Every structure is written in C-alpha cells, then in structure tokens.
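Peer 1: run-v6.txt is reproduced below (compact mmCIF, C-alpha atoms).
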# COMPACT_ATOMS: atom_id res chain seq x y z
CA TYR A 1 0.00 0.00 0.00
CA LEU A 2 1.45 3.34 -1.02
CA SER A 3 0.69 6.10 1.48
CA ASN A 4 0.22 8.84 -1.13
CA TRP A 5 1.44 9.82 -4.55
CA ASN A 6 4.46 11.71 -3.22
CA SER A 7 6.11 8.85 -1.32
CA ALA A 8 7.01 5.20 -1.94
CA ALA A 9 6.26 5.82 -5.59
CA ASN A 10 8.06 2.71 -6.78
CA GLY A 11 6.24 0.45 -4.31
CA SER A 12 9.49 -0.95 -2.93
CA GLY A 13 10.89 -0.83 0.58
CA THR A 14 13.11 2.13 -0.29
CA PRO A 15 10.94 5.04 -1.42
CA PRO A 16 12.39 7.76 -3.64
CA PRO A 17 12.30 11.32 -2.24
CA SER A 18 9.36 12.33 -4.45
CA ILE A 19 7.89 12.09 -7.89
CA ASN A 20 9.12 14.89 -10.16
CA VAL A 21 8.03 16.26 -13.53
CA PHE A 22 10.31 13.83 -15.37
CA ASP A 23 8.67 10.70 -13.91
CA ASN A 24 5.87 8.81 -15.62
CA TYR A 25 4.54 6.61 -12.82
CA ILE A 26 2.86 3.33 -13.83
CA ASN A 27 1.07 1.31 -11.14
CA ARG A 28 0.47 -2.05 -12.82
CA VAL A 29 0.70 -4.44 -9.85
CA ALA A 30 -2.63 -6.19 -9.23
CA GLY A 31 -4.28 -4.95 -6.05
CA ARG A 32 -1.67 -2.31 -5.25
CA GLN A 33 -3.21 0.91 -3.99
CA LEU A 34 -2.01 4.45 -4.48
CA SER A 35 -3.84 7.14 -2.52
CA THR A 36 -4.05 10.90 -2.84
CA PRO A 37 -2.83 13.04 0.07
CA VAL A 38 -5.46 14.07 2.63
CA ALA A 39 -5.50 17.62 1.25
CA ALA A 40 -5.90 19.44 -2.04
CA SER A 41 -2.97 18.31 -4.18
CA THR A 42 -1.64 17.83 -7.72
CA PHE A 43 0.20 14.78 -8.98
CA GLY A 44 3.71 16.04 -9.69
CA GLY A 45 4.87 13.50 -12.26
CA GLY A 46 4.69 13.61 -16.02
CA SER A 47 1.78 11.14 -16.16
CA LEU A 48 0.03 8.69 -13.84
CA THR A 49 -1.05 5.28 -15.16
CA LEU A 50 -3.27 2.75 -13.35
CA ALA A 51 -3.10 -0.67 -14.98
CA SER A 52 -4.22 -4.23 -14.28
CA THR A 53 -6.41 -4.22 -11.13
CA SER A 54 -4.48 -1.55 -9.23
CA GLN A 55 -6.39 1.12 -7.32
CA LEU A 56 -6.34 4.87 -6.75
CA THR A 57 -7.97 5.73 -3.41
CA VAL A 58 -9.16 9.33 -3.19
CA LYS A 59 -8.66 10.81 0.29
CA SER A 60 -9.08 14.52 -0.32
CA PRO A 61 -11.43 16.08 2.26
CA ALA A 62 -14.72 17.74 1.38
CA GLY A 63 -14.20 20.83 -0.78
CA ALA A 64 -10.64 19.89 -1.76
CA VAL A 65 -9.67 18.65 -5.24
CA SER A 66 -6.97 16.17 -6.19
CA THR A 67 -5.61 16.95 -9.66
CA ILE A 68 -3.95 14.66 -12.21
CA PRO A 69 -2.77 16.58 -15.31
CA VAL A 70 -2.18 13.45 -17.45
CA PHE A 71 -3.99 10.26 -16.43
CA ILE A 72 -4.09 6.86 -18.14
CA THR A 73 -6.12 3.81 -17.12
CA ASP A 74 -5.55 0.40 -18.67
CA GLY A 75 -7.20 -2.92 -17.80
CA SER A 76 -9.58 -3.03 -14.82
CA PRO A 77 -8.26 -0.52 -12.27
CA VAL A 78 -10.42 0.99 -9.53
CA ILE A 79 -10.86 4.61 -8.43
CA ALA A 80 -12.45 4.59 -4.98
CA ASN A 81 -13.74 6.99 -2.34
CA GLY A 82 -11.51 6.42 0.66
CA TYR A 83 -12.17 9.19 3.15
CA GLY A 84 -15.72 8.80 4.48
CA ASN A 85 -19.33 9.74 3.86
CA ILE A 86 -18.49 12.81 1.81
CA ARG A 87 -18.04 13.78 -1.83
CA GLU A 88 -14.41 13.59 -2.97
CA ASP A 89 -13.26 15.25 -6.19
CA LEU A 90 -10.71 14.43 -8.87
CA ALA A 91 -9.76 16.74 -11.75
CA MET A 92 -8.07 15.30 -14.83
CA GLY A 93 -6.63 17.47 -17.54
CA ASP A 94 -6.16 14.63 -20.04
CA TRP A 95 -7.62 11.17 -19.28
CA ASN A 96 -7.02 8.30 -21.69
CA ILE A 97 -8.89 5.03 -21.02
CA ALA A 98 -6.52 2.89 -23.05
CA SER A 99 -8.36 -0.43 -22.67
CA GLY A 100 -10.71 -2.43 -20.46
CA THR A 101 -13.11 -0.89 -17.96
CA THR A 102 -12.14 1.52 -15.21
CA LYS A 103 -14.31 1.03 -12.13
CA LEU A 104 -15.57 4.02 -10.17
CA SER A 105 -16.36 2.83 -6.66
CA ALA A 106 -18.28 4.64 -3.92
CA SER A 107 -20.48 2.93 -1.36
CA SER A 108 -23.86 4.26 -0.26
CA GLY A 109 -23.51 7.64 1.46
CA ARG A 110 -20.22 8.41 -0.28
CA GLY A 111 -19.54 10.33 -3.48
CA LEU A 112 -16.95 10.75 -6.22
CA GLY A 113 -16.78 13.80 -8.48
CA PHE A 114 -14.83 13.89 -11.76
CA SER A 115 -13.99 17.05 -13.68
CA ILE A 116 -12.41 15.98 -16.98
CA GLY A 117 -10.83 18.19 -19.61
CA TYR A 118 -10.13 15.78 -22.48
CA LEU A 119 -11.36 12.18 -22.38
CA SER A 120 -10.17 9.66 -24.98
CA GLY A 121 -9.59 5.99 -25.71
CA PRO A 122 -11.62 2.83 -26.38
CA GLY A 123 -11.99 1.77 -22.74
CA GLY A 124 -15.11 2.20 -20.64
CA LEU A 125 -16.25 3.38 -17.20
CA LEU A 126 -18.35 1.44 -14.68
CA THR A 127 -20.01 2.90 -11.59
CA GLN A 128 -20.46 0.48 -8.71
CA ASN A 129 -21.31 -0.05 -5.02
CA GLY A 130 -24.30 2.29 -4.74
CA GLY A 131 -22.71 5.70 -4.11
CA ALA A 132 -23.12 9.08 -5.81
CA PHE A 133 -21.14 9.97 -8.93
CA TYR A 134 -20.74 13.44 -10.46
CA LEU A 135 -19.37 13.97 -13.97
CA SER A 136 -18.36 17.09 -15.88
CA LEU A 137 -16.54 17.01 -19.21
CA THR A 138 -15.13 19.48 -21.71
CA ASP A 139 -14.30 17.18 -24.66
CA GLY A 140 -15.06 13.46 -24.74
CA LEU A 141 -15.80 12.64 -28.39
CA ALA A 142 -12.52 10.70 -28.69
CA CYS A 143 -13.69 8.28 -25.99
CA THR A 144 -15.51 5.39 -27.66
CA GLY A 145 -16.00 3.15 -24.61
CA THR A 146 -19.26 2.61 -22.72
CA LEU A 147 -20.32 4.57 -19.65
CA ASP A 148 -22.00 1.78 -17.69
CA HIS A 149 -23.95 3.20 -14.74
CA GLU A 150 -24.56 0.04 -12.74
CA SER A 151 -25.66 1.35 -9.34
CA GLY A 152 -26.01 4.47 -7.22
CA ASN A 153 -26.89 7.93 -8.57
CA LEU A 154 -25.14 9.62 -11.49
CA ALA A 155 -25.39 13.38 -12.02
CA PHE A 156 -24.11 15.16 -15.13
CA GLU A 157 -22.78 18.54 -13.95
CA SER A 158 -22.16 19.88 -17.46
CA VAL A 159 -23.15 19.12 -21.04
CA PHE A 160 -21.65 15.67 -21.53
CA ALA A 161 -20.77 14.04 -24.86
CA THR A 162 -18.68 11.00 -25.73
CA GLY A 163 -18.17 8.79 -28.77
CA GLY A 164 -19.50 5.75 -26.90
CA ALA A 165 -22.64 4.28 -25.37
CA PHE A 166 -24.47 4.96 -22.10
CA THR A 167 -26.25 2.24 -20.12
CA VAL A 168 -28.36 2.72 -17.00
CA GLY A 169 -28.81 -0.39 -14.86
CA SER A 170 -32.04 -1.59 -13.30
CA SER A 171 -31.02 -0.40 -9.83
CA ALA A 172 -29.30 2.87 -10.83
CA THR A 173 -30.65 6.43 -10.85
CA VAL A 174 -29.71 9.51 -12.89
CA THR A 175 -30.02 13.21 -12.10
CA LEU A 176 -30.47 14.83 -15.51
CA ASP A 177 -29.95 18.60 -15.40
CA HIS A 178 -27.84 18.87 -18.58
CA ALA A 179 -27.80 17.48 -22.10
CA ALA A 180 -25.86 14.26 -22.65
CA TYR A 181 -24.90 12.81 -26.05
CA PHE A 182 -23.98 9.19 -26.78
CA THR A 183 -23.88 6.80 -29.73
CA ALA A 184 -26.25 4.36 -27.98
CA PHE A 185 -28.46 4.54 -24.90
CA THR A 186 -30.01 1.72 -22.86
CA VAL A 187 -32.20 1.92 -19.75
CA ALA A 188 -32.76 -1.26 -17.71
CA GLY A 189 -32.02 -3.35 -20.79
CA ALA A 190 -34.29 -1.39 -23.16
CA ALA A 191 -32.58 0.40 -26.08
CA GLN A 192 -33.52 4.05 -26.61
CA SER A 193 -33.27 6.17 -29.74
CA GLY A 194 -33.42 9.80 -30.80
CA ILE A 195 -33.65 12.58 -28.24
CA GLN A 196 -35.14 11.74 -24.86
CA SER A 197 -35.94 14.72 -22.63
CA TYR A 198 -35.85 14.49 -18.87
CA ALA A 199 -39.64 14.73 -18.78
CA THR A 200 -39.99 11.80 -21.21
CA LEU A 201 -37.50 9.66 -19.32
CA ASN A 202 -39.06 10.52 -15.96
CA ALA A 203 -42.48 9.51 -17.26
CA ALA A 204 -41.24 6.23 -18.75
CA TYR A 205 -38.69 5.35 -16.05
CA PRO A 206 -39.55 7.32 -12.89
CA ALA A 207 -37.39 5.07 -10.69
CA ARG A 208 -34.35 5.49 -12.97
CA PHE A 209 -34.73 9.25 -13.68
CA PRO A 210 -36.30 10.65 -10.50
CA SER A 211 -34.88 14.17 -10.78
CA GLY A 212 -33.75 16.62 -13.44
CA SER A 213 -34.69 19.82 -15.21
CA SER A 214 -35.96 21.13 -18.54
CA ASP A 215 -32.34 21.38 -19.75
CA GLY A 216 -31.82 17.66 -19.22
CA LEU A 217 -31.90 15.24 -22.12
CA VAL A 218 -30.10 12.23 -23.55
CA ALA A 219 -29.55 12.24 -27.31
CA VAL A 220 -28.39 9.30 -29.41
CA TYR A 221 -26.32 10.39 -32.39
CA THR A 222 -24.48 8.73 -35.27
CA PRO A 223 -20.75 9.61 -35.49
CA ASP A 224 -19.50 11.17 -38.72
CA THR A 225 -17.38 8.35 -40.16
CA ALA A 226 -16.86 10.21 -43.43
CA GLY A 227 -14.68 12.83 -41.79
CA PRO A 228 -10.93 12.64 -41.21
CA ALA A 229 -9.58 9.80 -39.10
CA GLN A 230 -9.51 10.54 -35.39
CA MET A 231 -6.10 10.78 -33.80
CA PHE A 232 -5.42 9.89 -30.16
CA GLY A 233 -2.42 10.93 -28.14
CA VAL A 234 -0.84 11.91 -24.85
CA ASN A 235 1.27 14.72 -23.46
CA LEU A 236 4.66 13.58 -22.19
CA GLU A 237 6.66 15.95 -20.05
CA GLY A 238 10.41 16.15 -19.69
CA ALA A 239 11.72 18.71 -22.18
CA GLU A 240 11.13 21.76 -20.00
CA ILE A 241 14.22 23.69 -18.90
CA PRO A 242 13.62 25.20 -15.44
CA ASN A 243 15.34 28.56 -15.08
CA VAL A 244 18.45 27.45 -16.97
CA LEU A 245 19.31 28.21 -20.61
CA PRO A 246 20.43 26.31 -22.57
CA GLY A 247 20.69 23.74 -19.76
CA THR A 248 22.42 20.37 -19.64
CA TYR A 249 20.67 17.26 -20.93
CA GLY A 250 20.22 14.66 -18.23
CA TYR A 251 20.64 17.23 -15.48
CA ASP A 252 18.38 20.20 -16.20
CA TYR A 253 16.04 18.37 -18.59
CA ILE A 254 15.43 15.03 -20.30
CA TYR A 255 13.33 13.58 -23.10
CA PRO A 256 11.06 10.53 -22.81
CA SER A 257 12.73 7.30 -23.87
CA ALA A 258 11.97 5.22 -26.97
CA ALA A 259 10.48 2.58 -24.65
CA GLU A 260 7.91 5.11 -23.42
CA PHE A 261 6.96 6.00 -27.01
CA ASP A 262 6.58 2.30 -27.83
CA TYR A 263 4.38 1.72 -24.77
CA TYR A 264 1.89 4.48 -25.62
CA HIS A 265 1.88 3.52 -29.30
CA SER A 266 0.96 -0.05 -28.29
CA LYS A 267 -2.07 1.43 -26.50
CA GLY A 268 -3.34 3.09 -29.68
CA GLN A 269 -1.80 6.53 -29.16
CA ASN A 270 -0.54 7.86 -32.48
CA LEU A 271 0.16 11.44 -31.40
CA ILE A 272 2.69 12.45 -28.77
CA ARG A 273 3.16 16.05 -27.67
CA LEU A 274 6.42 17.17 -26.12
CA PRO A 275 6.43 20.60 -24.43
Would you put the structure from the file into structure tokens?
Peer 2:
Amino acid sequence: YLSNWNSAANGSGTPPPSINVFDNYINRVAGRQLSTPVAASTFGGGSLTLASTSQLTVKSPAGAVSTIPVFITDGSPVIANGYGNIREDLAMGDWNIASGTTKLSASSGRGLGFSIGYLSGPGGLLTQNGGAFYLSLTDGLACTGTLDHESGNLAFESVFATGGAFTVGSSATVTLDHAAYFTAFTVAGAAQSGIQSYATLNAAYPARFPSGSSDGLVAVYTPDTAGPAQMFGVNLEGAEIPNVLPGTYGYDYIYPSAAEFDYYHSKGQNLIRLP
C-alpha cells in the first residue's frame, strides 16, 4: 500500500524522495493501492497510469480537489472513495482510457466527483457499489468506450458528450440537469433512440430518472465516419528547462525514452506532444 502519490512511488521498501516532472509513474501491480494526500494536491509527475487491477484511493477532504494533469487507465483498475461519507473530487486534464473498464467505486452515502478536460480511448467506465457519482466534461468525443452506470446515482454537472454508449442499470438512478450525447443509450435493458428529454424519461422510467430539469436530455447520435480519421495521443513531459538556458541534458532536462513512445503507441496513441 502506497501512502500517497508523493512517497514510496516505486512500491518498494526504499521510497524515492518524491515524484518529479520527469517521472511517468505506472502502477500495474494487481491490487496495489495508491492514494491521494489528505489535502488538495496535484500529482507532480509527467503522467500517472493505473493498470491491471491496481487502485487509486481518493482521500481529499470535502471541498478539496486532487488533480492529475495526465492520467491513463488500462485494464480493470479501480478509483475509490476512501475518506468517508463525503463527496471527494478528482480533476483530470487529459484522461485516456486505453483499454478495459475503469471502475468508479463509492459505497452508499459516499460520493466521487470527476472534472475531466479531455477524455479519450476505447476503454469504458463502470459505476459500482451504490454511491453518488458526479461527472463534468469538456471534450469526450474521442472516448468510444461505454459509460455503464450500474448502481447508485449519477449526475451530469455539465453538457456531456462522448463517442461511446451509455447504459443505466435496473437499480441505478440519474439526475439529468444537462444534455448528454452518446452513440447508444439503454435503460434497464431497453434500447432508446433519438432525443429523450428528462420529462420523457421521468415519465417512462420514474425510478431510474427521478430528478432533473428542462435542460436535461439524452440524445443518441451517429458519429460522422466520413470525416478525417480521429487521432489519439498523450502529453509527455520532460523537455522543460527550469530557469536554466540552454541547460544540460540529463541534469536540467530530459526527453522521454523510446520505450515510453513504444508503450503508448501499443495502446493506440498515435500522437505524442512534447512541451
């Protein structure tokens, strides 16, 4: 168990002093947990990857936000509420769901909030364990995986659009105050089509859509496959030169290795940005 993302970053008995901007930390050991500090904080590495069945436990107190500038999930990792019966918030600048299904876990009485800048990748999201989940998104059309709302309550806190499907389970509820756009939409096993307003969904499925507003709707759309091919990529840090010009390679700055490029390319990333 790793106490927080600034210590014991390699999971061994000898922790490094801290994660710095040149580190791309990958937690791929099954069951290994990494937790956020119990305070508002920002992951200091170049990118954070959760792979296999590893877990990120959110421990930021109410009103505080834990921030991950570049986040990658791969396989079946878990993001869990770990502090108590409160809402805990994560902000991701760039989140790539490279494969599999990332599980969002909050038990009844607990909540997880996600503020996402750019969401991409073919992997999906699954809500579980009966808690409250809050989602806001700036750009998610490059994410083609399914948002599977299995249990608990899901609230869209902004207009929400992805390139994948949305399913609402037979024991889940949705608070629909904003428009949401998906390529397919299923409620309790029944496929929906076209544009479904909150009022229509509340009338047809009052137990699944108990609350919302006139701005709330779910629209099913068909992606434009005739347009240019979509490109997916990541930001890799390391080429910055802090306060030194021209600087010395390997001391003041570094570049990501060929192995790192190969890893992200194997996950379907065909664009890499170096600052």
Peer 1: If we count only C-alpha atoms and set the cut-off at 8 Å, which residues sit around Phe166 (chain A), ignoring sequence neighbours fewer than 2 positions away in its own chain? Please answer as a ChimeraX atom specification.
Peer 2: /A:146-149,164,168,182-186
Peer 1: Please compute the CA of Tyr221 (chain A)-CA of Asp94 (chain A) distance, one decimal, in Å.
Peer 2: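 Separation of CA of Tyr221 (chain A) and CA of Asp94 (chain A): 24.0 Å.
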Peer 1: Interatomic distance between CA of Ile254 (chain A) and CA of Ile272 (chain A)?
Peer 2: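 It comes out at 15.5 Å.
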Peer 1: Using all atoms listed in the file, which of the listed residues (A:Ala80, A:Ala219, A:Val38, A:Leu50) sits closest to Gly163 (chain A)?
Peer 2: A:Ala219
Peer 1: As an exercise, work out the distance from CA of Ala62 (chain A) to CA of Gly44 (chain A) in Å and give it to one decimal place.
Peer 2: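 Between CA of Ala62 (chain A) and CA of Gly44 (chain A) the gap works out to 21.6 Å.
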Peer 1: Kindly provide, as number ranges by chain, the polymer residues lying within 10 Å of (-38.0, 13.1, -20.4), counting only C-alpha atoms and using the coordinates exactly as they appear in the file.
Peer 2: A: 176, 195-206, 209, 212-214, 216-218
Peer 1: Let me see the file: selected residues, C-alpha atoms, as a compact mmCIF listing (two decimals), in the frame of the given file.
Peer 2:
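Here's the written file again25.txt:
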# COMPACT_ATOMS: atom_id res chain seq x y z
CA LEU A 176 -30.47 14.83 -15.51
CA ILE A 195 -33.65 12.58 -28.24
CA GLN A 196 -35.14 11.74 -24.86
CA SER A 197 -35.94 14.72 -22.63
CA TYR A 198 -35.85 14.49 -18.87
CA ALA A 199 -39.64 14.73 -18.78
CA THR A 200 -39.99 11.80 -21.21
CA LEU A 201 -37.50 9.66 -19.32
CA ASN A 202 -39.06 10.52 -15.96
CA ALA A 203 -42.48 9.51 -17.26
CA ALA A 204 -41.24 6.23 -18.75
CA TYR A 205 -38.69 5.35 -16.05
CA PRO A 206 -39.55 7.32 -12.89
CA PHE A 209 -34.73 9.25 -13.68
CA GLY A 212 -33.75 16.62 -13.44
CA SER A 213 -34.69 19.82 -15.21
CA SER A 214 -35.96 21.13 -18.54
CA GLY A 216 -31.82 17.66 -19.22
CA LEU A 217 -31.90 15.24 -22.12
CA VAL A 218 -30.10 12.23 -23.55
Peer 1: What lies within 10 Å of region 130-133 of chain A using all atoms listed in the file, ignoring chain neighbours under 2 positions off, as JSON, numbers by chain?
Peer 2: {"A": [81, 85, 86, 87, 88, 89, 104, 105, 106, 107, 108, 109, 110, 111, 112, 113, 114, 127, 128, 135, 149, 150, 151, 152, 153, 154, 155, 156, 171, 172, 173, 174, 175]}
Peer 1: Create the file for the chosen residues now, containing C-alpha atoms and written as a PDB file, keeping the file's coordinate frame.
Peer 2:
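What follows is the written file part.pdb:
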ATOM      1  CA  ASN A  81     -13.740   6.990  -2.340  1.00  0.00           C
ATOM      2  CA  ASN A  85     -19.330   9.740   3.860  1.00  0.00           C
ATOM      3  CA  ILE A  86     -18.490  12.810   1.810  1.00  0.00           C
ATOM      4  CA  ARG A  87     -18.040  13.780  -1.830  1.00  0.00           C
ATOM      5  CA  GLU A  88     -14.410  13.590  -2.970  1.00  0.00           C
ATOM      6  CA  ASP A  89     -13.260  15.250  -6.190  1.00  0.00           C
ATOM      7  CA  LEU A 104     -15.570   4.020 -10.170  1.00  0.00           C
ATOM      8  CA  SER A 105     -16.360   2.830  -6.660  1.00  0.00           C
ATOM      9  CA  ALA A 106     -18.280   4.640  -3.920  1.00  0.00           C
ATOM     10  CA  SER A 107     -20.480   2.930  -1.360  1.00  0.00           C
ATOM     11  CA  SER A 108     -23.860   4.260  -0.260  1.00  0.00           C
ATOM     12  CA  GLY A 109     -23.510   7.640   1.460  1.00  0.00           C
ATOM     13  CA  ARG A 110     -20.220   8.410  -0.280  1.00  0.00           C
ATOM     14  CA  GLY A 111     -19.540  10.330  -3.480  1.00  0.00           C
ATOM     15  CA  LEU A 112     -16.950  10.750  -6.220  1.00  0.00           C
ATOM     16  CA  GLY A 113     -16.780  13.800  -8.480  1.00  0.00           C
ATOM     17  CA  PHE A 114     -14.830  13.890 -11.760  1.00  0.00           C
ATOM     18  CA  THR A 127     -20.010   2.900 -11.590  1.00  0.00           C
ATOM     19  CA  GLN A 128     -20.460   0.480  -8.710  1.00  0.00           C
ATOM     20  CA  LEU A 135     -19.370  13.970 -13.970  1.00  0.00           C
ATOM     21  CA  HIS A 149     -23.950   3.200 -14.740  1.00  0.00           C
ATOM     22  CA  GLU A 150     -24.560   0.040 -12.740  1.00  0.00           C
ATOM     23  CA  SER A 151     -25.660   1.350  -9.340  1.00  0.00           C
ATOM     24  CA  GLY A 152     -26.010   4.470  -7.220  1.00  0.00           C
ATOM     25  CA  ASN A 153     -26.890   7.930  -8.570  1.00  0.00           C
ATOM     26  CA  LEU A 154     -25.140   9.620 -11.490  1.00  0.00           C
ATOM     27  CA  ALA A 155     -25.390  13.380 -12.020  1.00  0.00           C
ATOM     28  CA  PHE A 156     -24.110  15.160 -15.130  1.00  0.00           C
ATOM     29  CA  SER A 171     -31.020  -0.400  -9.830  1.00  0.00           C
ATOM     30  CA  ALA A 172     -29.300   2.870 -10.830  1.00  0.00           C
ATOM     31  CA  THR A 173     -30.650   6.430 -10.850  1.00  0.00           C
ATOM     32  CA  VAL A 174     -29.710   9.510 -12.890  1.00  0.00           C
ATOM     33  CA  THR A 175     -30.020  13.210 -12.100  1.00  0.00           C
TER      34      THR A 175
END
Peer 1: Would you list the residues near (-13.5, 1.6, -22.7), meaning any protein, DNA or RNA residue with an atom at most 8 Å from that point in file coordinates, counting all atoms listed in the file, as a list in words?
Peer 2: Ile97, Ala98, Ser99, Gly100, Thr101, Thr102, Gly121, Pro122, Gly123, Gly124, Leu125, Cys143, Thr144, Gly145 and Thr146 of chain A
Peer 1: Have a look at A:Gly169, A:Tyr263, A:Asn129, A:Gly140 and name the one nearest to Thr49 (chain A); count all atoms listed in the file.
Peer 2: A:Tyr263
Peer 1: Rank A:Glu157, A:Asp215, A:Asp139, A:Glu237 by their smallest atom-to-atom distance to Pro69 (chain A), using all atoms listed in the file, and report the top residue only.
Peer 2: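 Of all the options, A:Glu237 lies closest to Pro69 (chain A).
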